[in-house]
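First the structure, in the form of structure tokens, and then the observations on it.
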Amino acid sequence: MLLRNAKILFNNPVSLELYHMALVCPDIAATIQPGQFLMVRIQDRLDPLLRRPFAVHRLYPNDPPGSFEMLYKVVGRGTQLLSNMLAGDSVNLLGPLGRGFRLPEEKGSVLMVAGGIGIAPLPYLAETIAASGCKGPSVLWFGGKNSADLVCVQHFNDLGFTVQLVTEDGSEGRKGLVTGHLEQWLTQQNELPGVIYSCGPYPMQRSVAEMAARLGISSQLSMEALMGCGVGACLSCSLRCRPPEGTQEPHYANVCQDGPVFDGEEIVWDESSS
Amino acid sequence: MLLRNAKILFNNPVSLELYHMALVCPDIAATIQPGQFLMVRIQDRLDPLLRRPFAVHRLYPNDPPGSFEMLYKVVGRGTQLLSNMLAGDSVNLLGPLGRGFRLPEEKGSVLMVAGGIGIAPLPYLAETIAASGCKGPSVLWFGGKNSADLVCVQHFNDLGFTVQLVTEDGSEGRKGLVTGHLEQWLTQQNELPGVIYSCGPYPMQRSVAEMAARLGISSQLSMEALMGCGVGACLSCSLRCRPPEGTQEPHYANVCQDGPVFDGEEIVWDESSS
Amino acid sequence: MANDSPISLTVELGPLRLKNPVMVASGTFGYGQEYAELVPPERLGAMVVKGISLEPRSGNPPPRIWETCGGMLNAIGLQNVGLRAFVEEKLPWLNPLPVPVIVNLFGNTVEEYGKLAAALDGQEGIAGLEINISCPNVKAGGMIFGSDPKMVFQVVSAVRSRTNLPVITKLTPNVTDITVTARAAQDAGTDILSLINTVAGMAVDAQTRQPRLANVVGGLSGPAIKPIALRMVWQVVQVSTVPVIGLGGIVSVEDALEFLIVGAKAIQVGTANFINPGVTLEIIDGLEDYLRQRNLEDINEIIGTLEVP
Amino acid sequence: MANDSPISLTVELGPLRLKNPVMVASGTFGYGQEYAELVPPERLGAMVVKGISLEPRSGNPPPRIWETCGGMLNAIGLQNVGLRAFVEEKLPWLNPLPVPVIVNLFGNTVEEYGKLAAALDGQEGIAGLEINISCPNVKAGGMIFGSDPKMVFQVVSAVRSRTNLPVITKLTPNVTDITVTARAAQDAGTDILSLINTVAGMAVDAQTRQPRLANVVGGLSGPAIKPIALRMVWQVVQVSTVPVIGLGGIVSVEDALEFLIVGAKAIQVGTANFINPGVTLEIIDGLEDYLRQRNLEDINEIIGTLEVP
Ligand SMILES: Cc1cc2nc3c(=O)[nH]c(=O)nc-3n(C[C@H](O)[C@H](O)[C@H](O)COP(=O)(O)OP(=O)(O)OC[C@H]3O[C@@H](n4cnc5c(N)ncnc54)[C@H](O)[C@@H]3O)c2cc1C
Ligand SMILES: Cc1cc2nc3c(=O)[nH]c(=O)nc-3n(C[C@H](O)[C@H](O)[C@H](O)COP(=O)(O)OP(=O)(O)OC[C@H]3O[C@@H](n4cnc5c(N)ncnc54)[C@H](O)[C@@H]3O)c2cc1C
Ligand SMILES: Cc1cc2nc3c(=O)[nH]c(=O)nc-3n(C[C@H](O)[C@H](O)[C@H](O)COP(=O)(O)O)c2cc1C
Ligand SMILES: Cc1cc2nc3c(=O)[nH]c(=O)nc-3n(C[C@H](O)[C@H](O)[C@H](O)COP(=O)(O)O)c2cc1C
Ligand code: FES
Ligand code: FES
């Protein structure tokens with residue numbers, strides 16, 4: 001775990017609410033794994049007070065050395081401030097944090113599912129899997145509210161992924177929710193994927209996990225929670241998980257330390273969609 | 001009293017700690033008088049919470065129309081943030097506020113005394129007096145810690161002022177405190193000035209007021225106080241003043257409303273140098 | 001800005017009917033004149049003026065305020081012109097305004113509170129009295145009236161028995177259990193409760209090792225205290241039989257809505273007036289927009305609708 | 001960084017001697033392991049670990065935190081591994097560290113506090129106990145122990161009689177007069193007082209009309225509460241005969257100095273660890289610099305030197 005100031009190389013809007021921010025920080029870039037995250041201090045100020053968690057979107061080991069990119073969505077005060085920052089400014093990073101995705105064990109096929117900004121950690125995962133020599137067919141199911149959400153699709157194409165797009169308003173790809181179309185599609189496949197990697201809103205994650213369980217596929221879900229520290233010290237980022245054998249009490253895992261990536265079967269899903 | 005967003009034309013360092021910031025705000029520029037001030041909201045944020053008071057340093061009715069300049073010193077969080085702002089950014093202004101300087105009644109001679117950043121409101125006053133047709137000899141006594149404090153002297157020269165410089169470290173002009181040299185000088189003059197205008201730290205203001213009283217000259221002092229509202233609503237900017245006839249209780253004036261310019265004789269000076 | 005929609009922001013607080021729930025808090029808006037060029041008083045739900053006492057008070061020596069993270073400390077020391085000057089010099093300006101004017105009052109003794117109430121009862125142009133009980137009781141060695149339920153009861157009773165005007169009791173947050181003082185005020189006949197006053201606080205200059213306030217201790221206000229205020233309003237709303245006015249740290253329409261949602265019938269804006277003098281107008285407009293976006297027509301459909309899991 | 005100057009930051013808090021006055025606050029530094037890569041525990045004056053109870057506790061459902069202006073609300077619900085797992089799994093790592101480890105503890109009943117103290121008394125690697133009395137007393141219907149001086153006395157007595165370790169009592173700010181609970185703890189034999197714990201607060205999502213915390217009410221910490229904390233420390237220092245540890249909102253060396261100047265013998269840093277994990281090291285270095293700039297050699301020359309006009 002490192003604490004570093006990192007210079008911003010660029011901070012460009014991709015769509016109305018989405019930004020690419022590239023940062024240089026060689027020693028974090030050298031160690032961070034797909035699915036791990038960083039706690040970003042937006043500026044040297046006390047309002048907003050807390051750091052914000054972000055995944056690494058893509059890693060550029062050589063361009064310049066030790067640089068990487070985040071993809072973020074402007075949703076509130078912190079990300080608003082982030083979007084105002086300029087090339088040459090610095091942000092303060094704490095990381096790498098958490099447990100990332102485990103790479104597929106066999107060289108089977110890989111399915112990724114993304115909902116909206118849930119796409120953020122997947123390109124780095126996809127590249128890492130590709131670099132590990134995985135040759136199986138890879139598919140990305142990517143859902144958004146509308147076409148503006150569906151960014152960096154070309155990149156997945158380049159990595160040999162078949163990309164299936166879904167939008168709630170039908171402005172691009174199939175119309176509806178990604179999980180509905182995905183389930184239909186899965187039941188039509190001769191061969192099921194070896195693993196599902198998924199990142200997106202809670203209800204989507206829940207559907208994916210339940211679908212995976214029904215079909216007997218293992219799922220790895222990158223989960224979100226409100227975070228105080230990001231390192232396991234404050235116990236604020238709880239996610240209800242299956243209790244250890246023999247205990248009855250609800251069991252809460254720390255998303256920041258035990259996750260953010262969880263096996264679908266570990267999670268006890270909540271009725272609310274928080 | 002107006003509430004306006006004003007665009008920054010430039011925000012340039014003059015010395016290590018001093019900045020010139022030019023703003024465009026025609027309707028404030030049209031009404032503000034020398035010695036009046038503005039409450040500036042540094043940015044659209046809650047930390048720092050309160051507005052900061054600043055004087056108008058110079059007015060440029062035509063360049064571009066409705067623009068003016070502030071001179072400010074970086075002393076804390078608010079002014080630090082101000083110094084980071086760029087041309088094209090906006091600040092929010094509340095003003096014009098308070099009672100400014102009264103112009104000299106007869107066309108006699110004028111003495112101005114400035115200590116450090118106390119120079120800020122005086123160029124606008126000097127220009128206004130010059131424009132009003134005052135022909136008497138004008139003198140500025142200007143003291144600072146060192147030569148870096150002694151800014152915009154040329155401008156006073158151009159307006160026909162005799163400028164006397166004093167620095168605590170002797171790096172420019174006479175060495176010592178401005179009030180010491182000023183008193184010596186005053187006692188050597190054949191004709192005393194009709195009025196003393198003064199702005200600077202509390203102990204300097206006190207010396208000036210007492211000197212003026214001893215010599216029978218009227219003094220107008222621009223005073224500082226911590227301010228909550230700037231408009232007379234919160235009663236935080238108190239300055240102890242002579243109580244109305246017949247009352248015994250301490251009497252506090254509001255610097256923001258009854259001042260910031262006070263007659264030297266009104267003020268009840270405090271032992272502390274706050 | 002308000003357009004000709006059928007939206008109603010009218011709220012009823014017992015005997016007090018306001019055209020909208022947005023008031024300005026005592027001590028932060030002077031006597032209304034100071035901000036009148038920017039905030040037409042008639043736009044406000046009500047205006048609470050600076051606290052007055054029987055005799056004029058000169059207040060504390062400066063420095064009287066200090067900025068803190070998200071807040072400010074003040075120790076004005078209750079400086080005010082006194083009852084007579086208020087009635088002779090301020091009231092004539094306030095009287096004709098088409099806005100309910102609430103007079104905030106305080107005394108050094110229970111008797112003083114009663115006398116003030118009696119003196120103001122007859123005056124025209126006053127819509128109600130707000131009792132500031134966050135003041136030292138000189139007879140009880142400077143202990144704060146508002147922290148002792150027995151004293152709260154006495155003060156409120158003294159005011160209640162001397163006026164027919166609506167009586168608001170303004171509670172201090174510097175207590176273990178604010179529902180206890182709320183009940184005491186209620187038992188003594190207050191028509192309305194308002195909360196919170198400032199939270200006692202302090203700051204020091206580490207360079208000079210002197211307190212930032214000449215009075216050493218002052219009252220903390222502003223967004224820093226909002227979570228404390230909201231919690232207390234929610235606590236009081238649950239036990240109170242009289243309407244509650246919520247305040248403390250409100251700077252935006254979202255803040256105002258939080259207080260209304262937990263059950264405040266109206267809100268007051270204090271420190272935020274200094275930062276953004278237009279804030280009350282923005283809140284009033286923002287409440288209308290909030291209702292319109294939800295196809296609601298009446299602010300009362302929002303009040304007290306907190307969904308506790 | 002510290003150079004080989006003769007400057008001493010050593011402070012003595014009754015039976016507890018610390019090489020510097022900078023501690024980390026319970027619940028904000030885990031068990032020290034979490035930050036060990038960034039903050040070598042041996043640099044700290046002392047480390048207070050997450051509060052433990054007799055039995056493990058799973059804590060509150062999420063959401064458990066919410067950010068506010070200058071602060072954060074938390075309602076972790078005292079989640080902890082319980083006494084046995086603490087002793088078996090955490091203490092072996094903590095024991096060899098060259099830093100005093102203070103165990104923060106809490107119970108549902110007075111008896112539980114006593115049992116915990118007794119169980120920890122024999123353990124190696126514990127430099128002291130900090131009693132968290134900001135917990136609901138299940139026998140008294142969930143009322144907070146720390147707000148009733150009688151209960152404070154009972155809890156502290158129970159702990160005091162079962163341990164020879166230095167006992168710190170951590171006071172809650174949610175009281176009318178903190179000097180009363182401070183005195184109760186002192187009368188019951190606490191060696192040291194620490195204050196403040198979090199201030200009860202609340203936040204609401206105006207869009208969903210739901211509380212931001214599943215538990216509705218939580219504890220406010222961070223710079224927003226610093227003025228409140230400093231005022232309370234100053235009040236307690238004036239009446240207390242035992243040393244006081246100050247905390248609440250400290251994020252910088254200036255903040256730490258304010259607490260020391262009003263008379264705290266040591267300070268704790270809580271929420272600031274989340275924002276800037278290096279903050280404790282910066283404060284330690286900053287205290288040395290402050291002394292050096294003033295040609296002072298001993299931090300005790302600063303403690304309690306507030307100049308009240
Ligand atoms: C492990 C992890 C990785 C993430 N990676 C990315 C990413 O790569 N790109 C991206 O755009 N977003 C990502 N998020 C979500 C991102 O952290 C939030 O969108 C961001 O914190 C919002 O901050 P704000 O100040 O703009 O919003 P506000 O709503 O103003 O924030 C208020 C508080 O809520 C928290 N918060 C709000 N939304 C979320 C959320 N969805 N998850 C966690 N905390 C939240 C904030 O951190 C803050 O404490 C990630 C979240 C987690 C937990
Ligand atoms: C009527 C008036 C006119 C002024 N005009 C100018 C000017 O033209 N140029 C200029 O450089 N300065 C001027 N000042 C002083 C200026 O307001 C302060 O330097 C500024 O507020 C400091 O803010 P800060 O956040 O940088 O300092 P901090 O010390 O961080 O501020 C903390 C608090 O103290 C207040 N404060 C600190 N110093 C002063 C001060 N000297 N006077 C009043 N409040 C203070 C701040 O407003 C803030 O509330 C004027 C002050 C007054 C009262
Ligand atoms: C400068 C100042 C003066 C105040 N004067 C009074 C007063 O005279 N009477 C009173 O009841 N409250 C007074 N208050 C308290 C406010 O009315 C309000 O209760 C408090 O500031 C919390 O609200 P806020 O956070 O919106 O400011 C004063 C507050 C400030 C900041
Ligand atoms: C997430 C979190 C968990 C906490 N857990 C405990 C605890 O277990 N025991 C305790 O006595 N105090 C606990 N506290 C209170 C802190 O120790 C401290 O008293 C408080 O946060 C004020 O200090 P700060 O403003 O520096 O954070 C906790 C605070 C936070 C923010
Ligand atoms: S964010 Fe602190 S434990 Fe996870
Ligand atoms: S600053 Fe508020 S009255 Fe002067």
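Just remember, in the structure tokens the first chain shown is A, the second B, etc., residues are 1-based per chain, and ligands are 1-based in the order shown.
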
Q: Pick out each residue of range 71-163 of chain D that DSSP on the backbone tags as helix (DSSP H, G or I); I need them as a PyMOL selection string.
A: chain D and resi 82-94+110-121+145-147+149-160

Expected file: the selected residues, C-alpha atoms, as a compact mmCIF listing (two decimals), in the first residue's frame:
# COMPACT_ATOMS: atom_id res chain seq x y z
CA GLY D 82 -14.84 -10.08 20.47
CA LEU D 83 -12.51 -10.65 23.39
CA ARG D 84 -11.35 -14.15 22.52
CA ALA D 85 -10.44 -13.52 18.93
CA PHE D 86 -8.77 -10.27 19.97
CA VAL D 87 -6.56 -12.05 22.45
CA GLU D 88 -5.84 -14.98 20.17
CA GLU D 89 -5.54 -13.30 16.80
CA LYS D 90 -4.74 -9.62 17.25
CA LEU D 91 -2.72 -9.39 20.43
CA PRO D 92 0.10 -11.67 19.26
CA TRP D 93 0.81 -9.19 16.46
CA LEU D 94 0.45 -6.16 18.72
CA VAL D 110 -21.69 -2.80 34.03
CA GLU D 111 -20.74 -6.44 34.66
CA GLU D 112 -19.52 -6.86 31.10
CA TYR D 113 -17.16 -3.92 31.49
CA GLY D 114 -15.76 -5.48 34.65
CA LYS D 115 -15.33 -8.89 33.04
CA LEU D 116 -13.53 -7.42 30.06
CA ALA D 117 -11.16 -5.51 32.31
CA ALA D 118 -10.41 -8.61 34.31
CA ALA D 119 -9.80 -10.70 31.21
CA LEU D 120 -7.41 -8.12 29.74
CA ASP D 121 -5.60 -7.41 32.98
CA PHE D 145 -23.91 4.94 29.93
CA GLY D 146 -21.81 8.02 29.36
CA SER D 147 -24.58 10.56 29.74
CA PRO D 149 -22.83 10.41 35.95
CA LYS D 150 -24.05 7.57 38.18
CA MET D 151 -23.61 5.02 35.44
CA VAL D 152 -20.23 6.49 34.57
CA PHE D 153 -19.19 6.02 38.16
CA GLN D 154 -20.37 2.40 38.16
CA VAL D 155 -18.70 1.47 34.90
CA VAL D 156 -15.39 3.07 35.79
CA SER D 157 -15.47 1.52 39.27
CA ALA D 158 -16.13 -1.91 37.78
CA VAL D 159 -13.14 -1.59 35.48
CA ARG D 160 -10.93 0.03 38.10

Per-residue nearest contacts of chain C to chain A (12 Å; only C-alpha atoms) as a tab-separated table:
residue	atom	partner	partner_atom	distance
C:Thr68	CA	A:Leu46	CA	11.2
C:Cys69	CA	A:Leu46	CA	7.7
C:Gly70	CA	A:Asp47	CA	8.2
C:Gly71	CA	A:Asp47	CA	12.0
C:Pro223	CA	A:Asp47	CA	11.1
C:Ala224	CA	A:Asp47	CA	10.7
C:Pro309	CA	A:Ser272	CA	10.0

Preceding selection exported with N, CA and C atoms as a tab-separated table (two decimals), in the first residue's frame:
chain	number	residue	atom	x	y	z
C	68	THR	N	-14.34	28.41	11.33
C	68	THR	CA	-13.82	27.06	11.56
C	68	THR	C	-14.15	26.22	10.33
C	69	CYS	N	-13.76	24.98	10.35
C	69	CYS	CA	-14.02	24.14	9.18
C	69	CYS	C	-15.52	23.91	9.03
C	70	GLY	N	-16.13	24.51	8.02
C	70	GLY	CA	-17.55	24.35	7.77
C	70	GLY	C	-18.44	25.11	8.74
C	71	GLY	N	-17.85	25.97	9.55
C	71	GLY	CA	-18.68	26.68	10.52
C	71	GLY	C	-18.06	27.99	10.95
C	223	PRO	N	-22.79	24.99	8.34
C	223	PRO	CA	-23.00	23.62	7.87
C	223	PRO	C	-22.36	22.53	8.74
C	224	ALA	N	-21.30	22.88	9.46
C	224	ALA	CA	-20.66	21.89	10.33
C	224	ALA	C	-21.65	21.27	11.31
C	309	PRO	N	-36.30	2.72	7.79
C	309	PRO	CA	-36.34	1.31	7.37
C	309	PRO	C	-36.90	0.42	8.49

Q) Residues of chain D within 8 Å of chain C, using only C-alpha atoms, as a PyMOL selection string? A) chain D and resi 68-71+147+174-177+199-206+209-211+214+216-217+220+223-225+227-232+254+257-258+261+305-309

Dump as an mmCIF file, in the first residue's frame, selection limited to C-alpha atoms:
data_model
loop_
_atom_site.group_PDB
_atom_site.id
_atom_site.type_symbol
_atom_site.label_atom_id
_atom_site.label_comp_id
_atom_site.auth_asym_id
_atom_site.auth_seq_id
_atom_site.Cartn_x
_atom_site.Cartn_y
_atom_site.Cartn_z
ATOM 1 C CA THR D 68 -21.088 15.782 5.833
ATOM 2 C CA CYS D 69 -19.616 19.262 5.536
ATOM 3 C CA GLY D 70 -16.246 18.982 7.268
ATOM 4 C CA GLY D 71 -17.205 15.744 8.953
ATOM 5 C CA SER D 147 -24.579 10.563 29.741
ATOM 6 C CA ASN D 174 -23.582 14.428 24.196
ATOM 7 C CA VAL D 175 -24.144 15.839 27.665
ATOM 8 C CA THR D 176 -25.193 19.134 29.176
ATOM 9 C CA ASP D 177 -22.100 19.498 31.328
ATOM 10 C CA VAL D 199 -21.383 13.851 18.506
ATOM 11 C CA ALA D 200 -24.744 12.278 17.714
ATOM 12 C CA GLY D 201 -25.960 13.366 14.292
ATOM 13 C CA MET D 202 -28.091 12.437 11.330
ATOM 14 C CA ALA D 203 -28.480 12.989 7.598
ATOM 15 C CA VAL D 204 -31.276 12.378 5.133
ATOM 16 C CA ASP D 205 -31.380 11.778 1.402
ATOM 17 C CA ALA D 206 -33.861 14.388 0.213
ATOM 18 C CA ARG D 209 -36.515 10.633 1.879
ATOM 19 C CA GLN D 210 -34.555 7.904 3.632
ATOM 20 C CA PRO D 211 -31.939 8.350 6.330
ATOM 21 C CA ALA D 214 -29.398 2.390 8.113
ATOM 22 C CA VAL D 216 -30.736 6.561 11.244
ATOM 23 C CA VAL D 217 -28.542 8.232 13.875
ATOM 24 C CA LEU D 220 -20.241 12.867 13.865
ATOM 25 C CA PRO D 223 -12.881 18.803 11.618
ATOM 26 C CA ALA D 224 -16.502 19.964 11.874
ATOM 27 C CA ILE D 225 -16.543 19.011 15.570
ATOM 28 C CA PRO D 227 -14.451 23.623 18.131
ATOM 29 C CA ILE D 228 -16.836 21.572 20.274
ATOM 30 C CA ALA D 229 -14.108 19.159 21.307
ATOM 31 C CA LEU D 230 -11.652 21.900 22.152
ATOM 32 C CA ARG D 231 -14.193 23.717 24.298
ATOM 33 C CA MET D 232 -14.969 20.542 26.225
ATOM 34 C CA GLU D 254 -2.002 23.434 14.479
ATOM 35 C CA LEU D 257 -1.300 22.369 19.337
ATOM 36 C CA GLU D 258 -4.646 23.957 20.136
ATOM 37 C CA ILE D 261 -2.276 24.627 24.638
ATOM 38 C CA THR D 305 -0.292 27.610 28.389
ATOM 39 C CA LEU D 306 -3.463 29.220 27.042
ATOM 40 C CA GLU D 307 -3.336 32.955 27.697
ATOM 41 C CA VAL D 308 -6.828 33.946 28.680
ATOM 42 C CA PRO D 309 -7.210 37.720 28.526
#

Q) Taking only C-alpha atoms and all ligand atoms into account, which residues are within 8 Å of ligand 4, as a VMD selection string? A) (chain A and resid 228 233 to 236) or (chain D and resid 24 to 28 49 to 52 65 71 to 76 78 to 79 104 to 106 130 to 134 170 195 to 198 219 to 226 247 to 251 268 to 272)

Q: Determine which residues of chain A sit within 12 Å of chain B, taking into account only C-alpha atoms, and present them as a list of chain:residue names.
A: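 Only these qualify: A:Asp44, A:Arg45, A:Leu46, A:Asp47, A:Pro48, A:Leu49, A:Arg77, A:Gly78, A:Leu81.
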
Q: Kindly work out which residues sit at most 6 Å from ligand 1, using only C-alpha atoms and all ligand atoms, and give the list as a ChimeraX atom specification.
A: /A:37,50,52-55,70-80,117,120,224-226,260 /D:67

May I have the residues from that selection written out with C-alpha atoms, as an mmCIF file, in the first residue's frame?
data_model
loop_
_atom_site.group_PDB
_atom_site.id
_atom_site.type_symbol
_atom_site.label_atom_id
_atom_site.label_comp_id
_atom_site.auth_asym_id
_atom_site.auth_seq_id
_atom_site.Cartn_x
_atom_site.Cartn_y
_atom_site.Cartn_z
ATOM 1 C CA PHE A 37 -8.679 0.191 -6.550
ATOM 2 C CA LEU A 50 -13.147 11.687 2.429
ATOM 3 C CA ARG A 52 -13.072 8.544 -3.274
ATOM 4 C CA PRO A 53 -12.538 4.977 -4.543
ATOM 5 C CA PHE A 54 -11.730 4.404 -8.221
ATOM 6 C CA ALA A 55 -10.582 1.426 -10.250
ATOM 7 C CA MET A 70 -9.175 5.942 -14.729
ATOM 8 C CA LEU A 71 -12.653 6.193 -16.211
ATOM 9 C CA TYR A 72 -15.032 8.042 -13.956
ATOM 10 C CA LYS A 73 -18.534 9.323 -13.978
ATOM 11 C CA VAL A 74 -19.510 12.684 -12.523
ATOM 12 C CA VAL A 75 -22.178 11.854 -9.954
ATOM 13 C CA GLY A 76 -21.574 14.249 -7.058
ATOM 14 C CA ARG A 77 -19.305 16.826 -5.496
ATOM 15 C CA GLY A 78 -16.124 14.815 -5.518
ATOM 16 C CA THR A 79 -16.279 13.681 -9.113
ATOM 17 C CA GLN A 80 -17.396 17.162 -10.131
ATOM 18 C CA ILE A 117 -19.783 2.966 -15.233
ATOM 19 C CA ALA A 120 -14.417 0.965 -15.562
ATOM 20 C CA GLU A 224 -19.353 -0.962 -4.340
ATOM 21 C CA ALA A 225 -19.829 0.452 -0.865
ATOM 22 C CA LEU A 226 -19.479 3.773 0.877
ATOM 23 C CA PRO A 260 -14.089 -5.293 -3.929
ATOM 24 C CA GLU D 67 -19.914 12.385 4.585
#

**Q.** Surrounding residues of range 168-179 of chain A excluding itself and chain neighbours under 5 positions, 10 Å, only C-alpha atoms, as a list in words
**A.** Val113, Ala114, Gly115, Trp141, Phe142, Gly143, Gly144, Lys145, Asn146, Ser147, Ala148, Asp149, Leu150, Val163, Gln184, Trp185, Pro203, Met204, Gln205, Arg206, Ser207, Val208 and Met211 of chain A

Could you write out that same residue set with C-alpha atoms as a compact mmCIF listing (two decimals), in the first residue's frame?
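Output file selection_27.txt is given in full below:
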# COMPACT_ATOMS: atom_id res chain seq x y z
CA VAL A 113 -20.86 -8.10 -17.84
CA ALA A 114 -20.84 -4.35 -17.34
CA GLY A 115 -23.58 -1.95 -16.37
CA TRP A 141 -22.28 -7.83 -22.41
CA PHE A 142 -22.51 -4.13 -21.81
CA GLY A 143 -25.65 -2.31 -20.77
CA GLY A 144 -26.31 1.38 -20.30
CA LYS A 145 -29.12 3.87 -20.00
CA ASN A 146 -28.40 5.10 -23.51
CA SER A 147 -25.70 5.03 -26.15
CA ALA A 148 -23.61 7.69 -24.36
CA ASP A 149 -22.87 5.13 -21.62
CA LEU A 150 -21.36 2.62 -24.02
CA VAL A 163 -19.44 -7.21 -27.72
CA GLN A 184 -31.79 -15.42 -22.87
CA TRP A 185 -28.49 -15.52 -24.71
CA PRO A 203 -29.55 -5.04 -8.78
CA MET A 204 -27.61 -6.02 -11.90
CA GLN A 205 -24.93 -7.73 -9.83
CA ARG A 206 -27.62 -9.60 -7.99
CA SER A 207 -29.22 -10.83 -11.21
CA VAL A 208 -25.87 -11.88 -12.60
CA MET A 211 -28.11 -16.37 -12.98
